[in-house]
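Worksheet: one structure, shown below.
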Amino acid sequence: MIKIQGLKKSFLSQEQSRSVQALRGISFEVKDDEFYTLLGPSGCGKTTALRCIAGFENPEEGEIWIDDRLVYSSYKKINVPVTQRDLGIVFQSYAIWPHMNVFQNVAFPLAYGQHRVSRQKIRERVQQALKLTQLDGLDNRPAPYLSGGQQQRVALARALVHEPRVLLLDEPLSNLDANLREDMRLEVRELSKRLKMTTLYVTHDQLEALTMSDRVSVMKDGQIIQEGTALEIYKMPTSRFVAKFIGIANFIPGRITAVMENGQAEVKIASGTLHCAKPENVSVGDEVLVMIRPEDITVCLPETRPDGNVLEGNIEKVVFTGEMLDCRVKVSDSILRLHVHPNKILELGKNILLHLIPQRCRIIPR
Ligand SMILES: Nc1ncnc2c1ncn2[C@@H]1O[C@H](COP(=O)(O)OP(=O)(O)O)[C@@H](O)[C@H]1O
Ligand SMILES: [Mg+2]
């Protein structure tokens, strides 16, 4: 388990000699064996959070627990050194030694750190870590002769070799090419699950966050603004920022005109009325945005037109991407983006009817 409470950290920026608040009091808990991701744009404080947990940075305020042990507390003046926090860490830059071969790199924490063990044990543990990361047979390969993916695996093997309970990963796949990244996403998640590791993963890549994580926290400007499972974050974003950061989203401005018993609310928009899923704490008269994903808008025919949530629009743009048609349709003064099956025929300039699935219309603050 990793638990963080009220963590604050600021840096003095050199150019303006003023303080930058990298973390503004963040709290979260990664449960035992959970794969948890901090997701956010560059500069939002992800690396700082990870470095505080590892013990490379001293926060000004807050507490950090690793496996029920309080390793940092500003209040109680506790600060357990990096070497005694029992973590496996993989950095974005890999940080593997260029003058060493694969075996030596992976053996490093066992040969020098506080996890030092006998030669025989080193051999066994390294072989096991190489096997786990599919590097068996490459023991003697010098580090400069490894591909990007292999270097990444060496960094992972080295993080795992002393069998830590907790794994911290800072954008470990961002230097790999697209195909390899896709394979490694699955591989890293599987490894973490197989070894029953509590894993904190940091990335700015929404696809990595969605495909790998049990739970995700979306960060912005040193704060966590939404936490949930990948599905919850994608389907039920609570802000425009989260909706836009994770996937493609349409936003339609409107005003709430009714709040119903069935968990829906009615929103008046420029081109009609929409029934939407109702979040807590909204009332009649609120100026809001209706958010809907492109895959939740369907094209309907006049004869099979559903009762509600149908808007008429004009086809402005159609892009064939292989698995779908990515379309933009002008509805009143907004442009809606929708994804349509590639077998459908959509002609530019034609009028069409769009059905916006009510349960998929989310109300978020303007
Ligand atoms: N050592 C440092 N000195 C000064 N500013 C820093 C330092 N480390 C991070 N920052 C600043 O803190 C903020 C958060 O940085 P970081 O945690 O690296 O973000 P992320 O990993 O999400 O891209 C940024 O504004 C960054 O410029
Ligand atoms: Mg970073």
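Ligands are numbered from 1 in the order shown, residues from 1 within each chain, and chains are lettered A, B, ... in the order they appear in the structure tokens.
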Could you list, as a PyMOL selection string, all the residues within 10 Å of ligand 2, counting only C-alpha atoms and all ligand atoms?
chain A and resi 40-51+91-92+170-171+202-204
Those same residues, written as a PDB file, in the first residue's frame with N, CA and C atoms?
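Full text of part_2.pdb as output:
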ATOM      1  N   GLY A  40      -1.658  13.273 -16.189  1.00  0.00           N
ATOM      2  CA  GLY A  40      -1.843  14.714 -16.313  1.00  0.00           C
ATOM      3  C   GLY A  40      -0.843  15.291 -17.297  1.00  0.00           C
ATOM      4  N   PRO A  41      -1.079  16.533 -17.744  1.00  0.00           N
ATOM      5  CA  PRO A  41      -0.179  17.150 -18.714  1.00  0.00           C
ATOM      6  C   PRO A  41       1.191  17.428 -18.112  1.00  0.00           C
ATOM      7  N   SER A  42       2.146  17.677 -18.965  1.00  0.00           N
ATOM      8  CA  SER A  42       3.499  17.966 -18.529  1.00  0.00           C
ATOM      9  C   SER A  42       3.496  19.149 -17.556  1.00  0.00           C
ATOM     10  N   GLY A  43       4.228  19.019 -16.469  1.00  0.00           N
ATOM     11  CA  GLY A  43       4.358  20.114 -15.514  1.00  0.00           C
ATOM     12  C   GLY A  43       3.303  20.128 -14.415  1.00  0.00           C
ATOM     13  N   CYS A  44       2.411  19.113 -14.379  1.00  0.00           N
ATOM     14  CA  CYS A  44       1.331  19.141 -13.374  1.00  0.00           C
ATOM     15  C   CYS A  44       1.777  18.591 -12.021  1.00  0.00           C
ATOM     16  N   GLY A  45       2.996  18.029 -11.944  1.00  0.00           N
ATOM     17  CA  GLY A  45       3.498  17.597 -10.635  1.00  0.00           C
ATOM     18  C   GLY A  45       3.640  16.090 -10.452  1.00  0.00           C
ATOM     19  N   LYS A  46       3.495  15.321 -11.526  1.00  0.00           N
ATOM     20  CA  LYS A  46       3.535  13.853 -11.420  1.00  0.00           C
ATOM     21  C   LYS A  46       4.890  13.352 -10.921  1.00  0.00           C
ATOM     22  N   THR A  47       5.962  13.809 -11.588  1.00  0.00           N
ATOM     23  CA  THR A  47       7.300  13.362 -11.216  1.00  0.00           C
ATOM     24  C   THR A  47       7.635  13.800  -9.790  1.00  0.00           C
ATOM     25  N   THR A  48       7.237  15.009  -9.440  1.00  0.00           N
ATOM     26  CA  THR A  48       7.494  15.498  -8.089  1.00  0.00           C
ATOM     27  C   THR A  48       6.833  14.582  -7.057  1.00  0.00           C
ATOM     28  N   ALA A  49       5.593  14.164  -7.327  1.00  0.00           N
ATOM     29  CA  ALA A  49       4.889  13.263  -6.405  1.00  0.00           C
ATOM     30  C   ALA A  49       5.666  11.957  -6.245  1.00  0.00           C
ATOM     31  N   LEU A  50       6.104  11.410  -7.377  1.00  0.00           N
ATOM     32  CA  LEU A  50       6.841  10.143  -7.351  1.00  0.00           C
ATOM     33  C   LEU A  50       8.172  10.289  -6.603  1.00  0.00           C
ATOM     34  N   ARG A  51       8.860  11.398  -6.854  1.00  0.00           N
ATOM     35  CA  ARG A  51      10.157  11.622  -6.202  1.00  0.00           C
ATOM     36  C   ARG A  51      10.014  11.833  -4.687  1.00  0.00           C
ATOM     37  N   PHE A  91      12.776   5.068 -14.137  1.00  0.00           N
ATOM     38  CA  PHE A  91      12.651   6.444 -14.602  1.00  0.00           C
ATOM     39  C   PHE A  91      12.440   6.488 -16.104  1.00  0.00           C
ATOM     40  N   GLN A  92      11.961   7.628 -16.574  1.00  0.00           N
ATOM     41  CA  GLN A  92      11.750   7.852 -17.999  1.00  0.00           C
ATOM     42  C   GLN A  92      13.027   7.657 -18.806  1.00  0.00           C
ATOM     43  N   ASP A 170       7.954   6.040 -13.751  1.00  0.00           N
ATOM     44  CA  ASP A 170       7.752   7.402 -14.255  1.00  0.00           C
ATOM     45  C   ASP A 170       7.854   7.421 -15.786  1.00  0.00           C
ATOM     46  N   GLU A 171       6.739   7.493 -16.462  1.00  0.00           N
ATOM     47  CA  GLU A 171       6.676   7.525 -17.932  1.00  0.00           C
ATOM     48  C   GLU A 171       7.648   6.531 -18.565  1.00  0.00           C
ATOM     49  N   VAL A 202       3.153   6.715 -13.598  1.00  0.00           N
ATOM     50  CA  VAL A 202       2.970   8.123 -13.929  1.00  0.00           C
ATOM     51  C   VAL A 202       3.046   8.301 -15.442  1.00  0.00           C
ATOM     52  N   THR A 203       2.075   8.995 -16.023  1.00  0.00           N
ATOM     53  CA  THR A 203       2.110   9.200 -17.472  1.00  0.00           C
ATOM     54  C   THR A 203       1.296  10.422 -17.888  1.00  0.00           C
ATOM     55  N   HIS A 204       1.616  10.964 -19.074  1.00  0.00           N
ATOM     56  CA  HIS A 204       0.771  12.017 -19.644  1.00  0.00           C
ATOM     57  C   HIS A 204      -0.074  11.423 -20.768  1.00  0.00           C
TER      58      HIS A 204
END
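Interatomic distance, CA of Ala258 (chain A) against CA of Pro365 (chain A): 16.2 Å.
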Write out as a PyMOL selection string the residues lying within 8 Å of Val80 (chain A), counting only C-alpha atoms and excluding same-chain residues fewer than 3 positions away.
chain A and resi 55+71-72+84-85
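When only C-alpha atoms are used to measure the gap to Glu312 (chain A), the shortest distance among A:Ala249, A:Leu336, A:Leu210, A:Met1 belongs to A:Leu336.
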Skipping near chain neighbours, those fewer than 6 positions away, what residues fall within 12 Å of Leu186 (chain A) using only C-alpha atoms, listed as a VMD selection string?
chain A and resid 173 179 to 180 192 to 194 207 to 213
Go ahead and dump the residues you just picked, C-alpha atoms, as a PDB file, in the first residue's frame.
ATOM      1  CA  LEU A 173       7.324   3.829 -22.140  1.00  0.00           C
ATOM      2  CA  ASN A 179       4.164  -0.547 -31.716  1.00  0.00           C
ATOM      3  CA  LEU A 180       6.523  -1.501 -28.949  1.00  0.00           C
ATOM      4  CA  SER A 192       2.877  -6.104 -11.989  1.00  0.00           C
ATOM      5  CA  LYS A 193      -0.191  -8.320 -11.523  1.00  0.00           C
ATOM      6  CA  ARG A 194       1.727 -11.599 -11.694  1.00  0.00           C
ATOM      7  CA  LEU A 207      -4.286   5.592 -23.564  1.00  0.00           C
ATOM      8  CA  GLU A 208      -1.639   4.157 -21.246  1.00  0.00           C
ATOM      9  CA  ALA A 209      -3.656   5.274 -18.234  1.00  0.00           C
ATOM     10  CA  LEU A 210      -6.902   3.783 -19.558  1.00  0.00           C
ATOM     11  CA  THR A 211      -5.472   0.462 -20.728  1.00  0.00           C
ATOM     12  CA  MET A 212      -3.139  -0.314 -17.819  1.00  0.00           C
ATOM     13  CA  SER A 213      -4.708   1.008 -14.633  1.00  0.00           C
TER      14      SER A 213
END
Enter the distance from CA of Gly308 (chain A) to CA of Asn343 (chain A), in Å, rounded to one decimal.
25.7 Å
Rank nothing, just name the residue among A:Glu232, A:Asp221, A:Asp32, A:Glu266 nearest to ligand 1, using only C-alpha atoms and all ligand atoms.
A:Asp221
Could you give me, as an MDAnalysis selection string, each residue of region 156-345 of chain A that DSSP assigns to helix (DSSP H, G or I) when run on this structure's backbone?
chainID A and resid 156:160 178:194 206:212 230:235 240:245 294:296 302:304
Store the residues of this selection in a file with C-alpha atoms, as an mmCIF file, in the first residue's frame.
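Once written, selection-v1.cif looks like this:
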data_model
loop_
_atom_site.group_PDB
_atom_site.id
_atom_site.type_symbol
_atom_site.label_atom_id
_atom_site.label_comp_id
_atom_site.auth_asym_id
_atom_site.auth_seq_id
_atom_site.Cartn_x
_atom_site.Cartn_y
_atom_site.Cartn_z
ATOM 1 C CA LEU A 156 12.454 -2.930 -15.246
ATOM 2 C CA ALA A 157 14.490 -6.043 -14.373
ATOM 3 C CA ARG A 158 16.801 -3.948 -12.200
ATOM 4 C CA ALA A 159 13.799 -2.426 -10.384
ATOM 5 C CA LEU A 160 12.405 -5.907 -9.703
ATOM 6 C CA ALA A 178 4.363 3.213 -31.030
ATOM 7 C CA ASN A 179 4.164 -0.547 -31.716
ATOM 8 C CA LEU A 180 6.523 -1.501 -28.949
ATOM 9 C CA ARG A 181 4.726 0.830 -26.575
ATOM 10 C CA GLU A 182 1.487 -1.042 -27.160
ATOM 11 C CA ASP A 183 3.102 -4.430 -26.410
ATOM 12 C CA MET A 184 4.919 -3.083 -23.370
ATOM 13 C CA ARG A 185 1.712 -1.604 -21.916
ATOM 14 C CA LEU A 186 0.266 -5.087 -21.582
ATOM 15 C CA GLU A 187 3.564 -6.602 -20.525
ATOM 16 C CA VAL A 188 4.181 -4.132 -17.690
ATOM 17 C CA ARG A 189 0.647 -4.496 -16.364
ATOM 18 C CA GLU A 190 0.813 -8.299 -16.514
ATOM 19 C CA LEU A 191 4.151 -8.366 -14.745
ATOM 20 C CA SER A 192 2.877 -6.104 -11.989
ATOM 21 C CA LYS A 193 -0.191 -8.320 -11.523
ATOM 22 C CA ARG A 194 1.727 -11.599 -11.694
ATOM 23 C CA GLN A 206 -4.313 8.878 -21.658
ATOM 24 C CA LEU A 207 -4.286 5.592 -23.564
ATOM 25 C CA GLU A 208 -1.639 4.157 -21.246
ATOM 26 C CA ALA A 209 -3.656 5.274 -18.234
ATOM 27 C CA LEU A 210 -6.902 3.783 -19.558
ATOM 28 C CA THR A 211 -5.472 0.462 -20.728
ATOM 29 C CA MET A 212 -3.139 -0.314 -17.819
ATOM 30 C CA ALA A 230 -10.520 4.030 -16.097
ATOM 31 C CA LEU A 231 -14.133 3.505 -17.152
ATOM 32 C CA GLU A 232 -15.524 5.997 -14.633
ATOM 33 C CA ILE A 233 -13.053 8.683 -15.641
ATOM 34 C CA TYR A 234 -13.790 8.159 -19.323
ATOM 35 C CA LYS A 235 -17.560 7.858 -19.090
ATOM 36 C CA ARG A 240 -14.349 19.920 -18.979
ATOM 37 C CA PHE A 241 -10.632 19.483 -18.354
ATOM 38 C CA VAL A 242 -10.908 15.756 -17.614
ATOM 39 C CA ALA A 243 -13.339 15.121 -20.479
ATOM 40 C CA LYS A 244 -10.969 16.796 -22.940
ATOM 41 C CA PHE A 245 -7.802 15.294 -21.584
ATOM 42 C CA PRO A 294 -18.296 10.686 -30.501
ATOM 43 C CA GLU A 295 -19.154 6.969 -30.217
ATOM 44 C CA ASP A 296 -22.323 7.735 -28.255
ATOM 45 C CA PRO A 302 -36.640 9.587 -40.172
ATOM 46 C CA GLU A 303 -38.753 6.377 -40.058
ATOM 47 C CA THR A 304 -36.906 4.919 -37.039
#
Could you write out, as a PyMOL selection string, all the residues of region 82-311 of chain A that DSSP marks as strand (DSSP E)?
chain A and resi 87-90+166-170+198-203+215-220+223-229+250-259+264-269+272-277+287-292+297-300+310-311
What's around Ile26 (chain A) at 6 Å? Count only C-alpha atoms, leave out sequence neighbours fewer than 4 positions away in its own chain, and write the answer as a PyMOL selection string.
chain A and resi 6-7+223
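Taking only C-alpha atoms and all ligand atoms into account, ligand 1 lies nearest to A:Asp205 out of the set A:Asp333, A:Asp205, A:Glu280, A:Glu124.
For the pair atom 1 (N, counted along the ligand's line) of ligand 1 and CA of Cys52 (chain A), the separation is 11.8 Å.
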